[in-house]
>>> print(open('my_file-v1.txt').read())   # compact mmCIF, N, CA and C atoms and all ligand atoms
# COMPACT_ATOMS: atom_id res chain seq x y z
N MET A 134 3.68 21.44 1.84
CA MET A 134 2.73 20.51 2.46
C MET A 134 3.43 19.48 3.34
N GLU A 135 4.66 19.12 2.92
CA GLU A 135 5.44 18.17 3.72
C GLU A 135 5.72 18.75 5.10
N PHE A 136 5.93 20.09 5.15
CA PHE A 136 6.19 20.71 6.46
C PHE A 136 4.96 20.58 7.36
N VAL A 137 3.77 20.74 6.77
CA VAL A 137 2.53 20.62 7.55
C VAL A 137 2.42 19.21 8.12
N ARG A 138 2.72 18.19 7.28
CA ARG A 138 2.65 16.81 7.74
C ARG A 138 3.63 16.59 8.90
N LEU A 139 4.85 17.11 8.73
CA LEU A 139 5.85 16.93 9.79
C LEU A 139 5.42 17.64 11.07
N LEU A 140 4.82 18.82 10.92
CA LEU A 140 4.34 19.57 12.09
C LEU A 140 3.26 18.77 12.83
N LEU A 141 2.37 18.16 12.03
CA LEU A 141 1.30 17.36 12.64
C LEU A 141 1.85 16.12 13.33
N VAL A 142 2.85 15.47 12.69
CA VAL A 142 3.47 14.30 13.33
C VAL A 142 4.16 14.73 14.63
N PHE A 143 4.82 15.89 14.59
CA PHE A 143 5.49 16.45 15.78
C PHE A 143 4.47 16.62 16.92
N LEU A 144 3.34 17.25 16.61
CA LEU A 144 2.31 17.48 17.64
C LEU A 144 1.69 16.15 18.09
N HIS A 145 1.55 15.22 17.14
CA HIS A 145 0.98 13.90 17.43
C HIS A 145 1.88 13.16 18.44
N LEU A 146 3.18 13.28 18.25
CA LEU A 146 4.11 12.61 19.18
C LEU A 146 4.12 13.32 20.54
N LEU A 147 3.97 14.66 20.53
CA LEU A 147 3.90 15.38 21.81
C LEU A 147 2.61 14.99 22.56
N GLY A 148 1.52 14.79 21.78
CA GLY A 148 0.26 14.36 22.42
C GLY A 148 0.44 13.01 23.10
N MET A 149 1.17 12.12 22.45
CA MET A 149 1.46 10.82 23.07
C MET A 149 2.27 11.03 24.36
N ALA A 150 3.23 11.97 24.31
CA ALA A 150 4.05 12.24 25.50
C ALA A 150 3.17 12.78 26.64
N VAL A 151 2.18 13.60 26.30
CA VAL A 151 1.27 14.13 27.33
C VAL A 151 0.56 12.95 28.02
N LEU A 152 0.08 12.00 27.22
CA LEU A 152 -0.65 10.86 27.80
C LEU A 152 0.26 10.02 28.69
N VAL A 153 1.49 9.79 28.23
CA VAL A 153 2.45 9.03 29.06
C VAL A 153 2.73 9.81 30.34
N GLY A 154 2.89 11.15 30.20
CA GLY A 154 3.13 12.00 31.38
C GLY A 154 1.99 11.92 32.38
N MET A 155 0.76 11.87 31.87
CA MET A 155 -0.41 11.78 32.77
C MET A 155 -0.36 10.48 33.57
N PHE A 156 0.08 9.40 32.90
CA PHE A 156 0.18 8.13 33.62
C PHE A 156 1.21 8.23 34.73
N LEU A 157 2.37 8.83 34.41
CA LEU A 157 3.42 8.96 35.43
C LEU A 157 2.93 9.84 36.59
N LEU A 158 2.21 10.93 36.27
CA LEU A 158 1.67 11.78 37.33
C LEU A 158 0.68 11.02 38.21
N SER A 159 -0.11 10.17 37.58
CA SER A 159 -1.14 9.43 38.33
C SER A 159 -0.50 8.50 39.37
N ARG A 160 0.75 8.06 39.09
CA ARG A 160 1.45 7.18 40.04
C ARG A 160 1.76 7.91 41.34
N ARG A 161 1.87 9.25 41.26
CA ARG A 161 2.24 10.04 42.44
C ARG A 161 1.01 10.73 43.05
N ALA A 162 -0.17 10.54 42.43
CA ALA A 162 -1.37 11.22 42.94
C ALA A 162 -1.83 10.53 44.23
N PRO A 163 -2.35 11.33 45.19
CA PRO A 163 -2.84 10.72 46.43
C PRO A 163 -4.08 9.87 46.16
N ALA A 164 -4.32 8.88 47.02
CA ALA A 164 -5.50 8.03 46.84
C ALA A 164 -6.75 8.90 46.89
N GLY A 165 -7.71 8.63 46.02
CA GLY A 165 -8.96 9.39 46.02
C GLY A 165 -8.90 10.64 45.16
N ALA A 166 -7.75 10.90 44.52
CA ALA A 166 -7.63 12.08 43.66
C ALA A 166 -8.45 11.88 42.38
N PRO A 167 -9.05 12.96 41.86
CA PRO A 167 -9.77 12.82 40.58
C PRO A 167 -8.79 12.64 39.44
N LEU A 168 -9.33 12.23 38.28
CA LEU A 168 -8.47 12.02 37.11
C LEU A 168 -7.98 13.38 36.61
N ASN A 169 -6.69 13.46 36.26
CA ASN A 169 -6.12 14.70 35.75
C ASN A 169 -6.74 15.05 34.39
N VAL A 170 -7.15 16.31 34.23
CA VAL A 170 -7.80 16.74 32.98
C VAL A 170 -6.84 16.65 31.79
N GLY A 171 -5.54 16.53 32.06
CA GLY A 171 -4.54 16.39 31.00
C GLY A 171 -4.80 15.16 30.13
N TRP A 172 -5.44 14.13 30.70
CA TRP A 172 -5.79 12.94 29.89
C TRP A 172 -6.71 13.36 28.74
N VAL A 173 -7.67 14.24 29.04
CA VAL A 173 -8.62 14.68 28.01
C VAL A 173 -7.89 15.55 26.98
N HIS A 174 -7.01 16.43 27.47
CA HIS A 174 -6.28 17.32 26.55
C HIS A 174 -5.37 16.51 25.62
N GLY A 175 -4.65 15.53 26.19
CA GLY A 175 -3.76 14.69 25.37
C GLY A 175 -4.55 13.90 24.34
N ALA A 176 -5.69 13.34 24.77
CA ALA A 176 -6.52 12.55 23.85
C ALA A 176 -7.07 13.44 22.73
N ALA A 177 -7.48 14.67 23.10
CA ALA A 177 -8.02 15.60 22.09
C ALA A 177 -6.94 15.95 21.07
N LEU A 178 -5.71 16.18 21.55
CA LEU A 178 -4.61 16.50 20.64
C LEU A 178 -4.35 15.34 19.68
N GLN A 179 -4.39 14.09 20.20
CA GLN A 179 -4.19 12.93 19.34
C GLN A 179 -5.29 12.82 18.29
N LEU A 180 -6.51 13.11 18.72
CA LEU A 180 -7.65 13.02 17.80
C LEU A 180 -7.52 14.04 16.67
N ILE A 181 -7.25 15.29 17.05
CA ILE A 181 -7.18 16.37 16.06
C ILE A 181 -6.01 16.15 15.09
N THR A 182 -4.82 15.86 15.65
CA THR A 182 -3.65 15.71 14.77
C THR A 182 -3.75 14.43 13.93
N GLY A 183 -4.26 13.34 14.53
CA GLY A 183 -4.39 12.08 13.79
C GLY A 183 -5.37 12.21 12.63
N LEU A 184 -6.53 12.83 12.92
CA LEU A 184 -7.52 12.99 11.84
C LEU A 184 -7.00 13.94 10.76
N ALA A 185 -6.29 15.00 11.18
CA ALA A 185 -5.73 15.95 10.20
C ALA A 185 -4.72 15.24 9.29
N LEU A 186 -3.87 14.37 9.89
CA LEU A 186 -2.91 13.62 9.08
C LEU A 186 -3.63 12.74 8.07
N GLN A 187 -4.70 12.10 8.54
CA GLN A 187 -5.45 11.21 7.66
C GLN A 187 -6.12 11.99 6.52
N LEU A 188 -6.73 13.13 6.87
CA LEU A 188 -7.45 13.91 5.86
C LEU A 188 -6.49 14.56 4.86
N LEU A 189 -5.27 14.87 5.32
CA LEU A 189 -4.31 15.53 4.43
C LEU A 189 -3.53 14.54 3.56
N ALA A 190 -3.72 13.24 3.81
CA ALA A 190 -2.94 12.21 3.10
C ALA A 190 -2.91 12.41 1.58
N PRO A 191 -4.05 12.71 0.92
CA PRO A 191 -4.00 12.86 -0.53
C PRO A 191 -3.11 14.01 -0.99
N PHE A 192 -2.90 15.00 -0.10
CA PHE A 192 -2.10 16.17 -0.49
C PHE A 192 -0.64 16.04 -0.04
N THR A 193 -0.35 15.04 0.79
CA THR A 193 1.02 14.92 1.30
C THR A 193 1.72 13.68 0.74
N ASP A 194 1.13 13.14 -0.35
CA ASP A 194 1.78 11.99 -1.00
C ASP A 194 1.99 10.82 -0.05
N THR A 195 1.05 10.64 0.86
CA THR A 195 1.17 9.52 1.80
C THR A 195 -0.06 8.64 1.69
N GLU A 196 0.11 7.38 2.05
CA GLU A 196 -1.01 6.45 2.04
C GLU A 196 -1.02 5.70 3.35
N TYR A 197 -2.15 5.71 4.03
CA TYR A 197 -2.26 5.00 5.30
C TYR A 197 -3.31 3.90 5.17
N SER A 198 -3.15 2.84 5.97
CA SER A 198 -4.18 1.81 6.01
C SER A 198 -5.40 2.35 6.75
N HIS A 199 -6.54 2.35 6.07
CA HIS A 199 -7.75 2.89 6.70
C HIS A 199 -8.23 1.99 7.82
N VAL A 200 -7.96 0.69 7.69
CA VAL A 200 -8.35 -0.24 8.76
C VAL A 200 -7.55 0.08 10.03
N LYS A 201 -6.24 0.27 9.84
CA LYS A 201 -5.38 0.60 10.98
C LYS A 201 -5.86 1.90 11.65
N LEU A 202 -6.10 2.92 10.83
CA LEU A 202 -6.50 4.21 11.42
C LEU A 202 -7.88 4.11 12.07
N GLY A 203 -8.75 3.27 11.50
CA GLY A 203 -10.08 3.06 12.10
C GLY A 203 -9.95 2.45 13.48
N ILE A 204 -9.06 1.45 13.60
CA ILE A 204 -8.87 0.80 14.91
C ILE A 204 -8.23 1.79 15.89
N LYS A 205 -7.23 2.56 15.41
CA LYS A 205 -6.61 3.57 16.28
C LYS A 205 -7.65 4.58 16.77
N LEU A 206 -8.56 4.94 15.87
CA LEU A 206 -9.60 5.91 16.24
C LEU A 206 -10.51 5.33 17.32
N LEU A 207 -10.90 4.04 17.14
CA LEU A 207 -11.77 3.40 18.15
C LEU A 207 -11.08 3.35 19.52
N VAL A 208 -9.80 2.94 19.50
CA VAL A 208 -9.04 2.86 20.77
C VAL A 208 -8.98 4.24 21.42
N LEU A 209 -8.74 5.26 20.59
CA LEU A 209 -8.64 6.62 21.13
C LEU A 209 -9.99 7.08 21.70
N LEU A 210 -11.09 6.71 21.03
CA LEU A 210 -12.40 7.13 21.52
C LEU A 210 -12.70 6.50 22.87
N VAL A 211 -12.21 5.26 23.09
CA VAL A 211 -12.38 4.62 24.40
C VAL A 211 -11.58 5.41 25.45
N ILE A 212 -10.33 5.76 25.10
CA ILE A 212 -9.48 6.54 26.03
C ILE A 212 -10.18 7.86 26.37
N ALA A 213 -10.58 8.60 25.33
CA ALA A 213 -11.17 9.93 25.53
C ALA A 213 -12.49 9.82 26.28
N GLY A 214 -13.30 8.81 25.93
CA GLY A 214 -14.61 8.65 26.57
C GLY A 214 -14.46 8.38 28.06
N LEU A 215 -13.59 7.41 28.40
CA LEU A 215 -13.37 7.07 29.81
C LEU A 215 -12.84 8.29 30.57
N ALA A 216 -11.84 8.97 29.97
CA ALA A 216 -11.23 10.12 30.64
C ALA A 216 -12.28 11.22 30.86
N LEU A 217 -13.07 11.47 29.84
CA LEU A 217 -14.08 12.55 29.92
C LEU A 217 -15.10 12.25 31.01
N VAL A 218 -15.58 11.00 31.06
CA VAL A 218 -16.59 10.63 32.04
C VAL A 218 -16.06 10.88 33.46
N TYR A 219 -14.81 10.45 33.73
CA TYR A 219 -14.28 10.60 35.09
C TYR A 219 -13.90 12.03 35.41
N VAL A 220 -13.45 12.80 34.41
CA VAL A 220 -13.10 14.20 34.68
C VAL A 220 -14.38 15.01 34.95
N ILE A 221 -15.43 14.76 34.16
CA ILE A 221 -16.68 15.52 34.33
C ILE A 221 -17.33 15.18 35.66
N ARG A 222 -17.31 13.89 36.04
CA ARG A 222 -17.98 13.49 37.29
C ARG A 222 -17.20 13.93 38.53
N ARG A 223 -15.93 14.26 38.35
CA ARG A 223 -15.08 14.73 39.46
C ARG A 223 -15.07 13.77 40.65
N VAL A 224 -15.20 12.48 40.36
CA VAL A 224 -15.12 11.49 41.43
C VAL A 224 -13.69 10.97 41.50
N ALA A 225 -13.39 10.23 42.55
CA ALA A 225 -12.05 9.66 42.67
C ALA A 225 -11.79 8.72 41.49
N ALA A 226 -10.62 8.84 40.91
CA ALA A 226 -10.28 7.94 39.79
C ALA A 226 -10.02 6.54 40.35
N PRO A 227 -10.72 5.51 39.87
CA PRO A 227 -10.45 4.16 40.37
C PRO A 227 -9.02 3.73 40.02
N SER A 228 -8.47 2.83 40.83
CA SER A 228 -7.05 2.49 40.65
C SER A 228 -6.78 1.81 39.31
N TRP A 229 -7.81 1.18 38.72
CA TRP A 229 -7.59 0.49 37.45
C TRP A 229 -7.55 1.45 36.27
N LEU A 230 -8.05 2.69 36.48
CA LEU A 230 -8.24 3.58 35.33
C LEU A 230 -6.92 4.03 34.66
N PRO A 231 -5.97 4.65 35.39
CA PRO A 231 -4.74 5.10 34.69
C PRO A 231 -3.98 3.96 33.99
N PRO A 232 -3.79 2.77 34.62
CA PRO A 232 -3.10 1.70 33.88
C PRO A 232 -3.87 1.25 32.64
N THR A 233 -5.21 1.27 32.73
CA THR A 233 -6.02 0.87 31.57
C THR A 233 -5.83 1.88 30.43
N LEU A 234 -5.91 3.18 30.78
CA LEU A 234 -5.74 4.21 29.75
C LEU A 234 -4.33 4.12 29.15
N ALA A 235 -3.32 3.93 30.02
CA ALA A 235 -1.94 3.84 29.52
C ALA A 235 -1.77 2.61 28.63
N GLY A 236 -2.41 1.50 29.01
CA GLY A 236 -2.33 0.29 28.20
C GLY A 236 -2.91 0.53 26.81
N LEU A 237 -4.03 1.26 26.75
CA LEU A 237 -4.63 1.56 25.45
C LEU A 237 -3.73 2.48 24.62
N VAL A 238 -3.04 3.40 25.29
CA VAL A 238 -2.08 4.26 24.58
C VAL A 238 -0.99 3.39 23.96
N VAL A 239 -0.50 2.42 24.74
CA VAL A 239 0.55 1.53 24.24
C VAL A 239 0.04 0.71 23.04
N VAL A 240 -1.23 0.29 23.11
CA VAL A 240 -1.83 -0.44 21.98
C VAL A 240 -1.74 0.42 20.71
N ASN A 241 -2.08 1.71 20.85
CA ASN A 241 -2.06 2.58 19.67
C ASN A 241 -0.64 2.84 19.17
N VAL A 242 0.31 2.92 20.07
CA VAL A 242 1.71 3.09 19.63
C VAL A 242 2.13 1.84 18.86
N GLY A 243 1.75 0.67 19.37
CA GLY A 243 2.07 -0.59 18.69
C GLY A 243 1.45 -0.64 17.31
N LEU A 244 0.18 -0.24 17.22
CA LEU A 244 -0.49 -0.24 15.91
C LEU A 244 0.23 0.70 14.95
N ALA A 245 0.61 1.90 15.47
CA ALA A 245 1.27 2.90 14.61
C ALA A 245 2.60 2.38 14.08
N VAL A 246 3.33 1.68 14.92
CA VAL A 246 4.70 1.28 14.54
C VAL A 246 4.73 -0.03 13.76
N PHE A 247 3.96 -1.05 14.22
CA PHE A 247 4.10 -2.39 13.62
C PHE A 247 3.18 -2.63 12.43
N TRP A 248 2.05 -1.88 12.34
CA TRP A 248 1.12 -2.06 11.21
C TRP A 248 1.51 -1.04 10.15
N THR A 249 2.24 -1.50 9.15
CA THR A 249 2.73 -0.53 8.14
C THR A 249 1.79 -0.38 6.97
C1 LIG B 301 -3.55 7.39 21.89
C2 LIG B 301 -3.69 7.65 20.61
C3 LIG B 301 -2.58 7.59 19.59
C4 LIG B 301 -1.25 7.33 19.76
C5 LIG B 301 -0.49 7.03 21.04
C6 LIG B 301 -0.64 7.42 18.45
C7 LIG B 301 0.71 7.21 18.19
C8 LIG B 301 1.32 7.39 16.99
C9 LIG B 301 2.74 7.27 16.74
C10 LIG B 301 3.80 6.90 17.78
C11 LIG B 301 2.96 7.54 15.42
C12 LIG B 301 4.31 7.58 14.68
C13 LIG B 301 4.54 6.27 13.96
C14 LIG B 301 5.74 6.31 13.03
O1 LIG B 301 6.19 7.40 12.65
O2 LIG B 301 6.20 5.24 12.69
C15 LIG B 301 1.66 7.82 14.82
C16 LIG B 301 1.47 8.11 13.51
C17 LIG B 301 0.24 8.35 12.93
N1 LIG B 301 -0.99 8.38 13.57
FE1 LIG B 301 -1.30 8.07 15.53
N2 LIG B 301 -1.62 7.72 17.52
C18 LIG B 301 -2.82 7.84 18.17
C19 LIG B 301 -4.04 8.13 17.61
C20 LIG B 301 -4.27 8.34 16.28
C21 LIG B 301 -5.54 8.55 15.67
C22 LIG B 301 -6.87 8.59 16.41
C23 LIG B 301 -5.34 8.73 14.34
C24 LIG B 301 -6.34 9.00 13.24
C25 LIG B 301 -7.46 8.40 13.09
C26 LIG B 301 -3.93 8.63 14.11
C27 LIG B 301 -3.31 8.77 12.87
C28 LIG B 301 -1.96 8.66 12.65
C29 LIG B 301 -1.34 8.82 11.34
C30 LIG B 301 -2.06 9.14 10.02
C31 LIG B 301 0.04 8.63 11.52
C32 LIG B 301 1.16 8.64 10.44
C33 LIG B 301 1.90 9.95 10.39
C34 LIG B 301 3.00 9.92 9.34
O3 LIG B 301 4.07 9.36 9.62
O4 LIG B 301 2.77 10.47 8.26
N3 LIG B 301 -3.30 8.38 15.31
N4 LIG B 301 0.69 7.71 15.78
>>> encode(input="my_file-v1.txt", output="structure tokens", more="lines below")
Ligand code: HEM
Amino acid sequence: MEFVRLLLVFLHLLGMAVLVGMFLLSRRAPAGAPLNVGWVHGAALQLITGLALQLLAPFTDTEYSHVKLGIKLLVLLVIAGLALVYVIRRVAAPSWLPPTLAGLVVVNVGLAVFWT
């Protein structure tokens, strides 16, 4: 079971890397470009792996703060919701969007690391 937890943490960290990568790509995107669908894929990976880690906690001898995970979930839903709306509408991504999404990703990394 410990291997499953480690595998999920591995994928969870790769999902974070996808989101950071999307931000870096957005810096090089031409003006008026739509939002990269990778934002939605990265957010979905974070959601699936994060919830799986939380649900498996009783079997992996781990204990997480439910308040912390609840806040992380809310932050992620904002990221996923915003990304989904702009990807589905296929309109130009406003200039504030990628930095806002990246800022929310950083908030979740901070919560994961500093809230023990
Ligand atoms: C943008 C979204 C997210 C980011 C960037 C993120 C980032 C991280 C990072 C960096 C860690 C490793 C922390 C450490 O090992 O000290 C972590 C761990 C964890 N995250 Fe997330 N997270 C996100 C969303 C979520 C969500 C939505 C959930 C579940 C509701 C979640 C549940 C967890 C759990 C349970 C762990 C602990 C894994 C362990 O060490 O056993 N995460 N997260």
>>> residues_near_ligand(input="my_file-v1.txt", ligand="ligand LIG 301 (chain B)", cutoff="7 Å", atoms="only C-alpha atoms and all ligand atoms", output="PyMOL selection string")
chain A and resi 138+142+145-146+149+176+179-180+183-184+186-187+195+197+202-203+205-206+209+237-239+241-242+245-246
>>> residues_around(input="my_file-v1.txt", residues="Phe156 (chain A)", least_positions_apart="4", cutoff="8 Å", atoms="all atoms listed in the file", output="list in words")
Ala150, Val151, Leu152, Arg160, Arg161, Trp172, Pro231, Pro232, Leu234 and Ala235 of chain A
>>> atom_distance(input="my_file-v1.txt", atom1="CA of Ser198 (chain A)", atom2="CA of Ala177 (chain A)")
21.5 Å
>>> closest_residue(input="my_file-v1.txt", among="A:Leu147, A:Pro191, A:Pro167, A:Ala162", to="Arg222 (chain A)", atoms="all atoms listed in the file")
A:Pro167
>>> atom_distance(input="my_file-v1.txt", atom1="CA of Gly154 (chain A)", atom2="CA of Gly236 (chain A)")
13.3 Å
>>> atom_distance(input="my_file-v1.txt", atom1="CA of Asn169 (chain A)", atom2="atom C of Leu210 (chain A)")
16.6 Å
>>> closest_residue(input="my_file-v1.txt", among="A:Ile221, A:Leu230, A:Ile204, A:Ala185", to="Leu139 (chain A)", atoms="only C-alpha atoms")
A:Ala185
>>> axis_aligned_box(input="my_file-v1.txt", around="region 212-225 of chain A", padding_each_side="6 Å", output="JSON")
{"center_x": -13.7, "center_y": 10.6, "center_z": 33.9, "size_x": 20.5, "size_y": 21.8, "size_z": 29.6}
>>> closest_residue(input="my_file-v1.txt", among="A:Leu158, A:Gly165, A:Phe136, A:Leu141", to="Pro227 (chain A)", atoms="all atoms listed in the file")
A:Gly165
>>> closest_residue(input="my_file-v1.txt", among="A:Leu168, A:Val200, A:Ile181, A:Val208", to="Val220 (chain A)", atoms="only N, CA and C atoms")
A:Leu168
>>> select_by_dssp(input="my_file-v1.txt", residues="region 211-246 of chain A", states="helix (DSSP H, G or I)", output="PyMOL selection string")
chain A and resi 211-222+230-246
>>> closest_residue(input="my_file-v1.txt", among="A:Val240, A:Met134, A:Ile212, A:Ala164", to="Ala226 (chain A)", atoms="all atoms listed in the file")
A:Ala164
>>> closest_residue(input="my_file-v1.txt", among="A:Val153, A:Val137, A:Leu244, A:Val173", to="Ala190 (chain A)", atoms="only C-alpha atoms")
A:Val137
